[in-house]
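Quick look at final-v1.cif (mmCIF, C-alpha atoms):
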data_upload
#
loop_
_atom_site.label_atom_id
_atom_site.label_comp_id
_atom_site.auth_asym_id
_atom_site.auth_seq_id
_atom_site.Cartn_x
_atom_site.Cartn_y
_atom_site.Cartn_z
CA MET I 1 20.45 13.57 17.02
CA SER I 2 21.01 11.11 14.17
CA ARG I 3 19.84 12.03 10.67
CA LEU I 4 20.64 11.00 7.12
CA LEU I 5 19.45 12.25 3.76
CA ILE I 6 19.38 9.53 1.11
CA SER I 7 19.89 11.06 -2.33
CA ALA I 8 21.23 10.03 -5.72
CA ALA I 9 23.08 11.37 -8.73
CA HIS I 10 19.95 11.20 -10.83
CA LYS I 11 16.36 10.02 -10.77
CA SER I 12 15.59 6.27 -10.91
CA SER I 13 18.79 5.25 -9.14
CA GLY I 14 16.89 2.98 -6.75
CA LYS I 15 17.04 5.29 -3.73
CA THR I 16 13.41 4.68 -2.75
CA THR I 17 13.87 0.92 -2.61
CA VAL I 18 17.14 1.34 -0.71
CA SER I 19 15.53 3.87 1.64
CA LEU I 20 12.61 1.66 2.59
CA GLY I 21 14.99 -1.29 3.00
CA LEU I 22 17.11 0.82 5.37
CA CYS I 23 14.02 1.95 7.32
CA ALA I 24 12.86 -1.63 7.77
CA ALA I 25 16.33 -2.99 8.57
CA LEU I 26 16.96 -0.34 11.23
CA ALA I 27 13.48 -0.83 12.70
CA GLN I 28 14.12 -4.57 12.91
CA ARG I 29 17.13 -3.73 15.05
CA GLY I 30 14.74 -2.18 17.55
CA LEU I 31 15.45 1.41 16.57
CA GLN I 32 12.69 3.98 16.26
CA VAL I 33 13.05 5.29 12.71
CA GLN I 34 11.35 8.50 11.60
CA PRO I 35 11.06 8.74 7.79
CA PHE I 36 10.68 11.92 5.76
CA LYS I 37 10.26 12.44 2.02
CA LYS I 38 11.31 15.54 0.12
CA GLY I 39 8.79 17.07 -2.24
CA PRO I 40 5.18 16.33 -3.09
CA ASP I 41 4.55 12.60 -3.04
CA TYR I 42 2.07 10.16 -1.55
CA ILE I 43 3.21 6.77 -2.77
CA ASP I 44 6.85 6.63 -1.62
CA PRO I 45 5.86 7.90 1.86
CA MET I 46 3.23 5.16 2.15
CA TRP I 47 5.93 2.53 1.60
CA LEU I 48 8.37 4.33 3.91
CA SER I 49 5.71 4.56 6.64
CA LEU I 50 5.02 0.85 6.40
CA ALA I 51 8.72 0.02 6.46
CA ALA I 52 9.55 2.24 9.44
CA GLY I 53 6.35 1.72 11.40
CA GLN I 54 6.02 5.51 11.69
CA PRO I 55 4.13 8.02 9.50
CA CYS I 56 6.37 9.56 6.87
CA HIS I 57 6.19 13.35 6.62
CA ASN I 58 6.86 15.43 3.52
CA LEU I 59 9.31 18.33 3.38
CA ASP I 60 8.61 20.72 0.53
CA PHE I 61 10.29 24.06 -0.18
CA TYR I 62 7.44 25.07 -2.50
CA CYS I 63 4.71 24.85 0.13
CA MET I 64 6.69 25.25 3.35
CA SER I 65 8.95 27.94 4.78
CA HIS I 66 12.42 27.07 6.04
CA ALA I 67 11.15 27.41 9.61
CA GLU I 68 8.30 24.98 8.94
CA ILE I 69 10.69 22.41 7.46
CA LEU I 70 12.97 22.67 10.49
CA ASN I 71 9.98 22.46 12.85
CA SER I 72 8.68 19.38 11.06
CA VAL I 73 12.02 17.56 11.17
CA GLY I 74 12.63 18.52 14.77
CA HIS I 75 9.10 17.83 16.02
CA TYR I 76 8.55 14.45 14.41
CA SER I 77 12.05 13.08 15.01
CA ALA I 78 12.40 14.36 18.58
CA ASP I 79 11.84 10.89 20.08
CA ALA I 80 13.36 8.88 17.24
CA ASP I 81 16.69 7.09 17.27
CA ILE I 82 17.33 8.14 13.68
CA ALA I 83 15.59 10.28 11.08
CA LEU I 84 15.91 9.18 7.47
CA ILE I 85 15.04 11.70 4.74
CA GLU I 86 14.56 10.36 1.23
CA GLY I 87 15.32 12.94 -1.43
CA ASN I 88 13.67 13.32 -4.81
CA LYS I 89 15.51 13.32 -8.15
CA GLY I 90 19.25 13.99 -7.96
CA LEU I 91 21.18 15.66 -5.16
CA TYR I 92 21.53 19.00 -6.96
CA ASP I 93 18.39 18.89 -9.12
CA GLY I 94 15.60 21.39 -8.51
CA LEU I 95 13.34 24.07 -9.91
CA ASP I 96 15.71 27.00 -9.61
CA LEU I 97 19.12 27.70 -11.11
CA ASP I 98 20.57 28.42 -7.67
CA GLY I 99 19.47 25.05 -6.30
CA SER I 100 17.49 26.66 -3.49
CA ASN I 101 14.92 23.84 -3.48
CA SER I 102 17.26 20.91 -4.15
CA ASN I 103 18.09 17.94 -1.95
CA ALA I 104 21.44 19.60 -1.29
CA ALA I 105 19.65 22.71 -0.02
CA LEU I 106 17.52 20.56 2.26
CA ALA I 107 20.60 18.79 3.61
CA THR I 108 22.28 22.14 4.29
CA LEU I 109 19.18 23.65 5.92
CA THR I 110 18.61 20.67 8.20
CA LYS I 111 22.34 20.07 8.84
CA THR I 112 21.93 16.49 7.65
CA PRO I 113 24.72 14.25 6.30
CA VAL I 114 24.10 12.79 2.84
CA ILE I 115 24.38 9.20 1.65
CA LEU I 116 24.50 8.96 -2.15
CA VAL I 117 22.83 5.95 -3.77
CA LEU I 118 24.72 5.46 -7.03
CA ASP I 119 23.41 3.37 -9.90
CA ALA I 120 26.66 1.63 -10.74
CA ARG I 121 25.56 -0.23 -13.87
CA GLY I 122 28.33 -0.03 -16.49
CA MET I 123 30.65 1.98 -14.22
CA THR I 124 34.18 1.27 -13.01
CA ARG I 125 36.86 3.98 -12.75
CA GLY I 126 34.39 6.67 -13.82
CA ILE I 127 32.68 6.53 -10.47
CA ALA I 128 35.56 8.44 -8.85
CA PRO I 129 35.21 11.74 -10.79
CA LEU I 130 31.44 11.49 -10.28
CA ILE I 131 31.85 11.41 -6.50
CA LEU I 132 34.60 14.01 -6.49
CA GLY I 133 32.49 16.33 -8.63
CA TYR I 134 29.52 16.04 -6.30
CA GLN I 135 31.75 16.80 -3.34
CA ALA I 136 33.37 19.82 -5.00
CA PHE I 137 30.18 21.31 -6.42
CA ASP I 138 28.97 22.43 -2.99
CA PRO I 139 31.49 21.97 -0.14
CA GLU I 140 28.76 22.79 2.42
CA VAL I 141 26.99 19.54 1.60
CA GLN I 142 28.38 16.78 3.78
CA ILE I 143 28.52 13.61 1.66
CA THR I 144 29.51 11.03 4.25
CA GLY I 145 29.11 7.85 2.25
CA VAL I 146 27.83 6.06 -0.81
CA ILE I 147 25.72 2.97 -1.37
CA LEU I 148 26.52 1.29 -4.67
CA ASN I 149 23.36 0.00 -6.31
CA GLN I 150 22.59 -2.34 -9.20
CA LEU I 151 25.99 -4.02 -8.96
CA GLY I 152 26.74 -6.74 -11.52
CA GLY I 153 28.44 -9.08 -9.03
CA SER I 154 31.20 -9.40 -6.45
CA ARG I 155 34.01 -8.59 -8.94
CA HIS I 156 32.21 -5.43 -10.03
CA GLU I 157 31.74 -4.41 -6.41
CA ALA I 158 35.40 -5.07 -5.54
CA LYS I 159 36.61 -2.91 -8.46
CA LEU I 160 34.37 -0.01 -7.49
CA ARG I 161 35.37 -0.19 -3.84
CA SER I 162 39.06 -0.10 -4.84
CA VAL I 163 38.57 2.88 -7.15
CA ILE I 164 36.59 4.84 -4.54
CA GLU I 165 39.07 4.05 -1.77
CA HIS I 166 42.04 5.07 -3.97
CA TYR I 167 40.70 8.34 -5.37
CA THR I 168 38.24 9.67 -2.74
CA ASP I 169 37.78 9.98 1.00
CA VAL I 170 34.16 8.85 0.86
CA SER I 171 33.18 5.72 2.71
CA VAL I 172 31.40 2.90 0.87
CA ILE I 173 28.48 2.05 3.18
CA GLY I 174 27.24 -0.86 1.10
CA GLY I 175 26.98 -2.57 -2.26
CA VAL I 176 23.57 -3.76 -3.42
CA HIS I 177 23.59 -6.30 -6.23
CA ARG I 178 21.04 -6.43 -9.03
CA ASN I 179 18.14 -8.56 -7.85
CA HIS I 180 14.57 -8.75 -9.13
CA SER I 181 13.45 -9.22 -5.53
CA MET I 182 14.35 -5.55 -4.95
CA GLU I 183 11.82 -4.39 -7.54
CA ILE I 184 8.37 -3.03 -6.70
CA VAL I 185 5.76 -2.96 -9.46
CA GLU I 186 5.19 0.53 -10.84
CA ARG I 187 2.21 2.35 -12.28
CA HIS I 188 1.91 5.62 -14.20
CA LEU I 189 2.59 7.77 -11.11
CA GLY I 190 5.35 5.59 -9.66
CA LEU I 191 5.26 2.62 -7.34
CA ILE I 192 1.96 0.88 -6.74
CA PRO I 193 0.74 2.26 -3.38
CA SER I 194 1.30 -0.03 -0.42
CA ASN I 195 -2.40 0.17 0.49
CA GLU I 196 -3.17 -1.65 -2.77
CA ASP I 197 -0.42 -4.26 -2.50
CA THR I 198 -1.59 -7.07 -0.23
CA SER I 199 1.94 -8.47 -0.15
CA ALA I 200 3.56 -5.12 0.75
CA LEU I 201 4.83 -6.26 4.15
CA ASN I 202 6.35 -9.40 2.65
CA LYS I 203 8.02 -7.33 -0.06
CA ILE I 204 9.45 -4.94 2.54
CA ARG I 205 10.80 -7.85 4.61
CA GLU I 206 12.44 -9.28 1.49
CA ILE I 207 14.08 -5.96 0.61
CA SER I 208 15.07 -5.41 4.24
CA ASN I 209 16.87 -8.75 4.39
CA LEU I 210 18.80 -7.98 1.20
CA ILE I 211 19.76 -4.52 2.48
CA SER I 212 20.82 -5.90 5.88
CA ASN I 213 23.14 -8.37 4.18
CA GLN I 214 24.67 -5.85 1.77
CA VAL I 215 24.81 -2.57 3.71
CA ASP I 216 26.96 -2.01 6.79
CA LEU I 217 24.28 -0.70 9.15
CA ASP I 218 26.79 0.10 11.89
CA LYS I 219 28.78 2.24 9.48
CA LEU I 220 25.51 3.84 8.32
CA LEU I 221 24.55 4.75 11.88
CA ALA I 222 28.01 6.17 12.53
CA ALA I 223 27.62 8.39 9.45
CA ALA I 224 24.27 9.69 10.72
CA ALA I 225 25.67 11.92 13.44
CA ALA I 226 24.13 15.35 12.86
CA GLN I 227 24.06 18.72 14.54
CA PRO I 228 21.08 19.53 16.80
CA LEU I 229 18.26 21.56 15.29
CA ALA I 230 16.47 24.55 16.78
CA PHE I 231 12.74 24.04 16.24
CA ASN I 232 9.31 24.84 17.66
CA LYS I 233 6.79 22.21 18.71
CA LEU I 234 3.68 22.14 16.54
CA GLN I 235 0.73 23.77 18.27
CA PRO I 236 -3.04 23.56 17.68
CA GLU I 237 -4.45 26.21 15.37
CA ALA I 238 -6.55 28.88 17.04
CA SER I 239 -10.29 28.44 16.54
CA ALA I 240 -13.22 30.50 17.69
CA ASP I 241 -15.23 27.31 18.19
CA ASN I 242 -13.74 24.06 19.50
CA ALA I 243 -16.84 21.94 18.99
CA VAL I 244 -15.85 18.55 17.56
CA VAL I 245 -17.20 17.70 14.11
CA LYS I 246 -17.27 14.22 12.60
CA ILE I 247 -15.64 14.01 9.17
CA GLY I 248 -15.86 10.80 7.18
CA ILE I 249 -12.65 9.96 5.33
CA ALA I 250 -12.35 7.38 2.54
CA ARG I 251 -9.50 5.00 3.50
CA ASP I 252 -9.19 1.91 1.32
CA ALA I 253 -7.36 0.47 -1.69
CA ALA I 254 -8.92 3.05 -4.03
CA PHE I 255 -8.32 6.16 -1.91
CA GLY I 256 -5.23 6.51 0.26
CA PHE I 257 -3.47 9.76 -0.71
CA TYR I 258 -3.43 11.75 2.52
CA TYR I 259 -0.61 13.70 4.14
CA PRO I 260 -0.22 12.73 7.82
CA ASP I 261 0.43 16.40 8.64
CA ASP I 262 -2.91 17.37 7.09
CA LEU I 263 -4.78 14.68 9.01
CA GLU I 264 -3.15 15.90 12.22
CA ALA I 265 -4.11 19.47 11.31
CA LEU I 266 -7.73 18.39 10.83
CA LYS I 267 -7.71 16.77 14.27
CA ARG I 268 -6.09 19.81 15.89
CA ALA I 269 -8.79 21.95 14.30
CA GLY I 270 -11.48 19.86 15.98
CA ALA I 271 -12.25 17.05 13.54
CA GLU I 272 -12.91 13.46 14.52
CA LEU I 273 -11.88 11.47 11.45
CA ILE I 274 -14.12 8.49 10.80
CA PRO I 275 -12.78 6.10 8.12
CA PHE I 276 -15.02 4.28 5.70
CA ASN I 277 -14.44 1.95 2.77
CA THR I 278 -15.79 2.95 -0.65
CA LEU I 279 -15.40 -0.63 -1.91
CA THR I 280 -17.24 -2.52 0.81
CA ASP I 281 -19.32 -0.21 3.02
CA ALA I 282 -22.97 0.03 2.03
CA GLN I 283 -23.64 3.34 3.78
CA LEU I 284 -21.83 6.41 5.04
CA PRO I 285 -21.13 6.58 8.77
CA ASP I 286 -22.86 9.21 10.91
CA ILE I 287 -20.86 12.30 9.88
CA ASP I 288 -21.00 16.08 9.62
CA GLY I 289 -18.59 16.36 6.69
CA LEU I 290 -16.86 14.23 4.07
CA PHE I 291 -13.27 14.06 2.79
CA ILE I 292 -12.35 11.87 -0.20
CA GLY I 293 -8.66 12.17 -1.03
CA GLY I 294 -6.65 11.04 -4.01
CA GLY I 295 -5.82 7.54 -5.13
CA PHE I 296 -6.34 5.26 -8.10
CA PRO I 297 -10.10 4.85 -8.57
CA GLU I 298 -9.42 3.72 -12.14
CA SER I 299 -7.75 0.57 -10.80
CA HIS I 300 -10.87 -0.25 -8.78
CA MET I 301 -13.53 1.21 -11.06
CA GLN I 302 -15.65 -1.93 -11.33
CA ALA I 303 -15.75 -2.49 -7.58
CA LEU I 304 -16.56 1.17 -6.99
CA ALA I 305 -19.31 1.03 -9.59
CA ALA I 306 -20.76 -2.15 -8.09
CA ASN I 307 -21.20 -0.53 -4.66
CA THR I 308 -24.39 1.22 -5.73
CA SER I 309 -25.81 1.71 -2.24
CA LEU I 310 -22.82 3.76 -1.09
CA LYS I 311 -22.75 5.77 -4.33
CA THR I 312 -26.41 6.61 -3.80
CA ALA I 313 -25.80 7.58 -0.19
CA ILE I 314 -22.92 9.88 -1.13
CA ARG I 315 -24.84 11.47 -3.99
CA GLU I 316 -27.88 12.15 -1.82
CA ALA I 317 -25.76 13.48 1.04
CA ILE I 318 -23.89 15.95 -1.17
CA ASN I 319 -27.07 17.00 -2.96
CA ASN I 320 -28.60 17.65 0.47
CA GLY I 321 -25.71 19.91 1.44
CA LEU I 322 -23.19 17.69 3.26
CA PRO I 323 -19.91 19.69 3.41
CA THR I 324 -17.49 17.72 1.24
CA TYR I 325 -13.92 18.09 0.06
CA ALA I 326 -12.62 15.84 -2.74
CA GLU I 327 -9.11 15.82 -4.23
CA CYS I 328 -8.15 14.37 -7.62
CA GLY I 329 -9.14 10.69 -7.37
CA GLY I 330 -11.92 11.69 -5.00
CA MET I 331 -13.21 14.17 -7.55
CA MET I 332 -13.02 11.53 -10.29
CA TYR I 333 -15.19 9.27 -8.12
CA LEU I 334 -17.85 12.00 -7.87
CA THR I 335 -18.22 12.41 -11.65
CA ARG I 336 -20.80 10.54 -13.73
CA ARG I 337 -18.55 8.01 -15.42
CA LEU I 338 -14.95 6.82 -15.43
CA SER I 339 -13.33 5.49 -18.63
CA TRP I 340 -9.96 3.78 -18.93
CA ASN I 341 -8.56 1.46 -21.60
CA ASP I 342 -11.93 0.99 -23.30
CA ARG I 343 -13.55 0.12 -19.99
CA HIS I 344 -16.30 2.24 -18.47
CA ALA I 345 -17.94 2.38 -15.06
CA ASP I 346 -20.62 4.56 -13.50
CA MET I 347 -19.46 6.66 -10.57
CA VAL I 348 -21.38 8.74 -7.99
CA GLY I 349 -22.74 11.29 -10.48
CA VAL I 350 -22.69 14.53 -8.45
CA ILE I 351 -20.37 16.35 -10.86
CA PRO I 352 -21.94 16.74 -14.35
CA ALA I 353 -18.93 15.43 -16.27
CA ASP I 354 -17.18 12.21 -17.28
CA THR I 355 -13.64 11.29 -16.28
CA VAL I 356 -11.41 9.94 -19.05
CA MET I 357 -7.94 8.47 -18.46
CA HIS I 358 -5.19 9.41 -20.94
CA ALA I 359 -1.85 7.87 -21.82
CA ARG I 360 0.07 11.04 -20.95
CA PRO I 361 -0.13 13.34 -17.90
CA GLN I 362 -2.80 16.02 -18.10
CA GLY I 363 -1.42 17.87 -15.10
CA ARG I 364 1.77 17.13 -13.22
CA GLY I 365 3.85 19.25 -10.87
CA TYR I 366 3.46 22.34 -8.76
CA VAL I 367 0.50 24.68 -9.13
CA ARG I 368 -0.59 28.03 -7.81
CA LEU I 369 -4.23 28.78 -7.18
CA ARG I 370 -6.01 32.10 -6.68
CA GLU I 371 -9.33 32.03 -4.88
CA THR I 372 -12.43 33.36 -6.57
CA ALA I 373 -15.41 35.01 -4.92
CA VAL I 374 -17.30 31.70 -4.78
CA ALA I 375 -14.63 29.80 -2.79
CA PRO I 376 -16.84 28.27 -0.11
CA TRP I 377 -14.63 28.06 2.98
CA PRO I 378 -14.15 30.88 5.54
CA ALA I 379 -11.55 33.57 4.85
CA SER I 380 -7.90 32.53 4.67
CA GLN I 381 -4.61 34.18 5.58
CA SER I 382 -3.17 33.34 2.16
CA GLN I 383 -4.44 36.57 0.60
CA GLY I 384 -6.28 34.53 -1.98
CA GLU I 385 -3.33 32.71 -3.62
CA PHE I 386 -1.46 29.64 -2.48
CA ALA I 387 0.78 26.80 -3.63
CA ALA I 388 -0.35 23.21 -4.24
CA HIS I 389 0.49 20.33 -6.59
CA GLU I 390 -1.21 18.01 -9.07
CA PHE I 391 -0.59 14.52 -10.50
CA HIS I 392 -3.26 13.28 -12.87
CA TYR I 393 -3.51 11.40 -16.13
CA SER I 394 -7.24 11.98 -16.34
CA GLY I 395 -9.36 14.87 -17.55
CA LEU I 396 -13.00 15.89 -17.35
CA GLU I 397 -15.00 15.63 -20.56
CA ASN I 398 -18.64 15.94 -21.65
CA ILE I 399 -19.34 18.66 -19.09
CA SER I 400 -23.10 19.05 -19.42
CA ASP I 401 -23.76 21.98 -17.07
CA PRO I 402 -21.86 25.24 -16.48
CA LEU I 403 -19.39 24.77 -13.64
CA THR I 404 -18.59 27.21 -10.85
CA TYR I 405 -14.93 27.30 -9.81
CA ALA I 406 -13.32 28.18 -6.49
CA TYR I 407 -9.88 28.80 -7.99
CA GLU I 408 -8.14 30.44 -10.90
CA VAL I 409 -5.02 28.50 -11.90
CA THR I 410 -2.03 30.84 -12.18
CA ARG I 411 0.43 27.97 -12.56
CA GLY I 412 -0.42 24.41 -13.59
CA HIS I 413 -3.40 22.86 -15.32
CA GLY I 414 -6.19 22.07 -12.88
CA ILE I 415 -9.41 21.10 -14.62
CA ASP I 416 -9.11 23.05 -17.87
CA GLY I 417 -5.83 24.94 -17.73
CA SER I 418 -7.45 28.00 -16.18
CA ASN I 419 -9.73 26.80 -13.40
CA ASP I 420 -9.89 24.31 -10.57
CA GLY I 421 -12.09 23.62 -7.57
CA ILE I 422 -15.63 22.74 -8.68
CA VAL I 423 -18.24 24.12 -6.27
CA ILE I 424 -21.62 22.35 -6.12
CA ASN I 425 -23.79 22.96 -3.04
CA ASN I 426 -21.29 22.50 -0.19
CA LEU I 427 -18.89 20.38 -2.27
CA LEU I 428 -15.41 21.57 -3.22
CA ALA I 429 -13.71 19.17 -5.67
CA CYS I 430 -10.38 19.80 -7.41
CA TYR I 431 -7.48 18.13 -9.15
CA SER I 432 -4.98 20.04 -7.03
CA HIS I 433 -3.67 18.54 -3.80
CA MET I 434 -3.35 21.05 -0.98
CA ARG I 435 -0.87 21.10 1.91
CA ASP I 436 -1.85 22.49 5.28
CA THR I 437 1.01 24.91 5.94
CA ASN I 438 1.33 28.53 7.02
CA GLN I 439 0.75 29.71 3.47
CA HIS I 440 -2.67 28.01 3.45
CA HIS I 441 -4.29 26.39 6.51
CA TRP I 442 -6.98 24.59 4.56
CA ALA I 443 -7.69 22.06 7.34
CA GLN I 444 -8.85 24.72 9.81
CA ARG I 445 -10.92 26.40 7.10
CA PHE I 446 -12.64 23.16 6.11
CA VAL I 447 -13.41 22.20 9.71
CA ASP I 448 -14.77 25.69 10.38
CA PHE I 449 -16.94 25.35 7.26
CA VAL I 450 -18.28 21.98 8.40
CA ARG I 451 -18.92 23.38 11.88
CA LYS I 452 -20.80 26.35 10.44
CA GLN I 453 -23.07 24.13 8.36
CA CYS I 454 -23.87 22.05 11.45
CA SER I 455 -24.91 25.07 13.51
#
In structure tokens, what does this structure look like?
Amino acid sequence: MSRLLISAAHKSSGKTTVSLGLCAALAQRGLQVQPFKKGPDYIDPMWLSLAAGQPCHNLDFYCMSHAEILNSVGHYSADADIALIEGNKGLYDGLDLDGSNSNAALATLTKTPVILVLDARGMTRGIAPLILGYQAFDPEVQITGVILNQLGGSRHEAKLRSVIEHYTDVSVIGGVHRNHSMEIVERHLGLIPSNEDTSALNKIREISNLISNQVDLDKLLAAAAAQPLAFNKLQPEASADNAVVKIGIARDAAFGFYYPDDLEALKRAGAELIPFNTLTDAQLPDIDGLFIGGGFPESHMQALAANTSLKTAIREAINNGLPTYAECGGMMYLTRRLSWNDRHADMVGVIPADTVMHARPQGRGYVRLRETAVAPWPASQSQGEFAAHEFHYSGLENISDPLTYAYEVTRGHGIDGSNDGIVINNLLACYSHMRDTNQHHWAQRFVDFVRKQCS
């Protein structure tokens, strides 16, 4: 089995751009590339999925057990020619002092060789002790090569190659020169999602061509030799009722933050996912339940506001008891009004509050939620508390009616620092993003809830 983990010495070293360029370049060779992304993230995986032509799956120590991570890597890459895991932050960075949730820990757990993407701006001889230090810090981590990034030119590259060859035993896999064509426009949460960028495929082709010309792909593939993994195939969750339910899912430029694993879990639980477009569709499809995930509704607020017929249909459906789950951007869409940069737009109006965008994050990072007595979905195996994550620059203001909450926030911010998960009729709307893992099988619970309301 061939696997590589692409990491860096520090955040913003260009590893995401290099990773998607590698995915696309290898796919263009006719290889089946399976991408993975460490940590909670929607945007980078969307680009990686588009580049590889395969859904990118997230690996997260906070929400997943070691066995689940191994099962995910093994299951999804079983038929692939190469699995490429993009790390987050630096190789040894993480939440804990012992590095138990770092990229290095992931590489060790999955027995995956590491390629370091090094931002080489302003560096010459100093790159050698950097590499040597990373090798010595944890000898169990197999650093098999480096890709030099942001090079100033051919002379700069030649100097660095000479230094690395003289002082280390690490192979230089490639040298990527500074080029504005390698840049992808960013927004407050990172790269602009590929579902909003109409030129995304062209951008990926451009980056792929540059990577192909500056990275030795044969040497990269040779470095990807990895030990086999013991894993279990993913199986359908047990359900007392296998009746199929139709769940509408918002899939468009405004709403695209969905984990492929969660969508698969919904299907395994008995859901038929029916996509609709909040920007162009006038009515909801014929559905039993509704799922509106995260995204950037603020970037499409005028178009969302202008689609009054769909807003009315959603409002009436939820008010009439349609089982609905909305995460972050989806919740923002269901409030009365959305304000950003002195612009305002009317939203669906189910939640008695206004959404206001801020210049700084209002909630960002991992959260823990404890269920309250009013949590609407059937009983869970999580004993009432589970891990999730949040990324939002917005907050709810002008709350006109008392709100009922499904969750107490024991870590993180949620809606007000203490609560998350607004419950109105059969709607559950929260800032937190949930992962369907063994610590909290939300997909099965939501499908069972929809099924119960249909009976």
The PyMOL selection byres ((chain I and resi 389-399) around 8) - which residues does that actually catch in the file I just gave you? List them as a short mmCIF file (atom, residue, chain, number, x, y, z; two decimals) with C-alpha atoms, in the frame of the given file.
data_model
loop_
_atom_site.label_atom_id
_atom_site.label_comp_id
_atom_site.auth_asym_id
_atom_site.auth_seq_id
_atom_site.Cartn_x
_atom_site.Cartn_y
_atom_site.Cartn_z
CA PRO I 40 5.18 16.33 -3.09
CA LEU I 189 2.59 7.77 -11.11
CA CYS I 328 -8.15 14.37 -7.62
CA PRO I 352 -21.94 16.74 -14.35
CA ALA I 353 -18.93 15.43 -16.27
CA ASP I 354 -17.18 12.21 -17.28
CA THR I 355 -13.64 11.29 -16.28
CA VAL I 356 -11.41 9.94 -19.05
CA MET I 357 -7.94 8.47 -18.46
CA HIS I 358 -5.19 9.41 -20.94
CA ALA I 359 -1.85 7.87 -21.82
CA ARG I 360 0.07 11.04 -20.95
CA PRO I 361 -0.13 13.34 -17.90
CA GLN I 362 -2.80 16.02 -18.10
CA GLY I 363 -1.42 17.87 -15.10
CA ARG I 364 1.77 17.13 -13.22
CA GLY I 365 3.85 19.25 -10.87
CA TYR I 366 3.46 22.34 -8.76
CA VAL I 367 0.50 24.68 -9.13
CA ARG I 368 -0.59 28.03 -7.81
CA ALA I 387 0.78 26.80 -3.63
CA ALA I 388 -0.35 23.21 -4.24
CA SER I 400 -23.10 19.05 -19.42
CA ASP I 401 -23.76 21.98 -17.07
CA PRO I 402 -21.86 25.24 -16.48
CA GLY I 412 -0.42 24.41 -13.59
CA GLY I 414 -6.19 22.07 -12.88
CA ILE I 415 -9.41 21.10 -14.62
CA TYR I 431 -7.48 18.13 -9.15
CA SER I 432 -4.98 20.04 -7.03
CA HIS I 433 -3.67 18.54 -3.80
CA MET I 434 -3.35 21.05 -0.98
#
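Taking atom CA of Ile247 of chain I as the reference point, atom CA of Cys56 of chain I is found at 22.6 Å.
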* Counting only C-alpha atoms, what is within 12 Å of Asp96 of chain I, bar same-chain residues fewer than 3 positions away, as a list in words? -> Phe61, Tyr62, Tyr92, Asp93, Gly99, Ser100, Asn101, Ser102 and Ala105 of chain I
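Minimum atom-to-atom distance to Lys246 of chain I, evaluated using all atoms listed in the file, belongs to I:Leu266 out of I:Ala9, I:Leu310, I:Leu229, I:Leu266.
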* Asked: Once you count only C-alpha atoms, which residues end up no further than 9 Å from (-12.5, 10.5, -8.5) in the file's frame, shown as a ChimeraX atom specification?
  -> /I:255,292-298,326-335,338,347,355
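The neighbours of Thr437 of chain I here are the residues that come within 8 Å of it, using all atoms listed in the file and leaving out any residue fewer than 4 positions away in the same chain; they are Cys63, Met64, Glu68 and His441 of chain I.
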* To do: Quick one: apply the PyMOL selection byres ((chain I and resi 84) around 7) to the file and drop the selected residues here as a VMD selection string.
  => chain I and resid 3 to 5 34 to 36 82 to 83 85 to 86
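Distances here use only C-alpha atoms; by that measure, the residue among I:Ile164, I:Ala305, I:Leu322, I:Ala379 closest to Val348 of chain I is I:Ala305.
Each of I:Asp436, I:Glu385, I:Glu272, I:Asp138 was checked against Ala104 of chain I using only C-alpha atoms; the smallest atom-to-atom distance is that of I:Asp138.
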Please list as a PDB file with C-alpha atoms, keeping the file's coordinate frame every residue within 9 Å of Val374 of chain I, counting only C-alpha atoms and excluding residues in the same chain fewer than 6 positions away.
ATOM      1  CA  THR I 404     -18.590  27.210 -10.850  1.00  0.00           C
ATOM      2  CA  TYR I 405     -14.930  27.300  -9.810  1.00  0.00           C
ATOM      3  CA  ALA I 406     -13.320  28.180  -6.490  1.00  0.00           C
ATOM      4  CA  TYR I 407      -9.880  28.800  -7.990  1.00  0.00           C
ATOM      5  CA  VAL I 423     -18.240  24.120  -6.270  1.00  0.00           C
TER       6      VAL I 423
END
* Between I:Met123, I:Leu95, I:Ile115, I:Leu217, which has the minimum distance to Val146 of chain I (counting only C-alpha atoms)? -> I:Ile115
* Structure fact -> Between atom CA of Trp442 of chain I and atom CA of Arg268 of chain I lies a distance of 12.3 Å
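One finds atom CA of Leu210 of chain I at 15.3 Å from atom CA of Val117 of chain I.
Applied to the file shown here, the PyMOL selection byres ((chain I and resi 219) around 12) selects Ile115, Thr144, Gly145, Val146, Ile147, Ser171, Val172, Ile173, Gly174, Ser212, Gln214, Val215, Asp216, Leu217, Asp218, Leu220, Leu221, Ala222, Ala223, Ala224 and Ala225 of chain I.
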* **Near-segment 128-134 of chain I list (8 Å; only C-alpha atoms; drop same-chain fewer than 5 positions) as a list in words** => Val163, Ile164, Tyr167 and Thr168 of chain I
* Structure fact -> Nearest to Ile69 of chain I, restricted to only C-alpha atoms and choosing among I:Ala230, I:Gln28, I:Lys267, I:Val33, comes out as I:Ala230
* To do: For each of I:Gln54, I:Ser181, I:Thr124, I:Thr280, take the minimum atom-to-atom distance to Ser162 of chain I, counting all atoms listed in the file, then give the residue where this is smallest.
  => I:Thr124
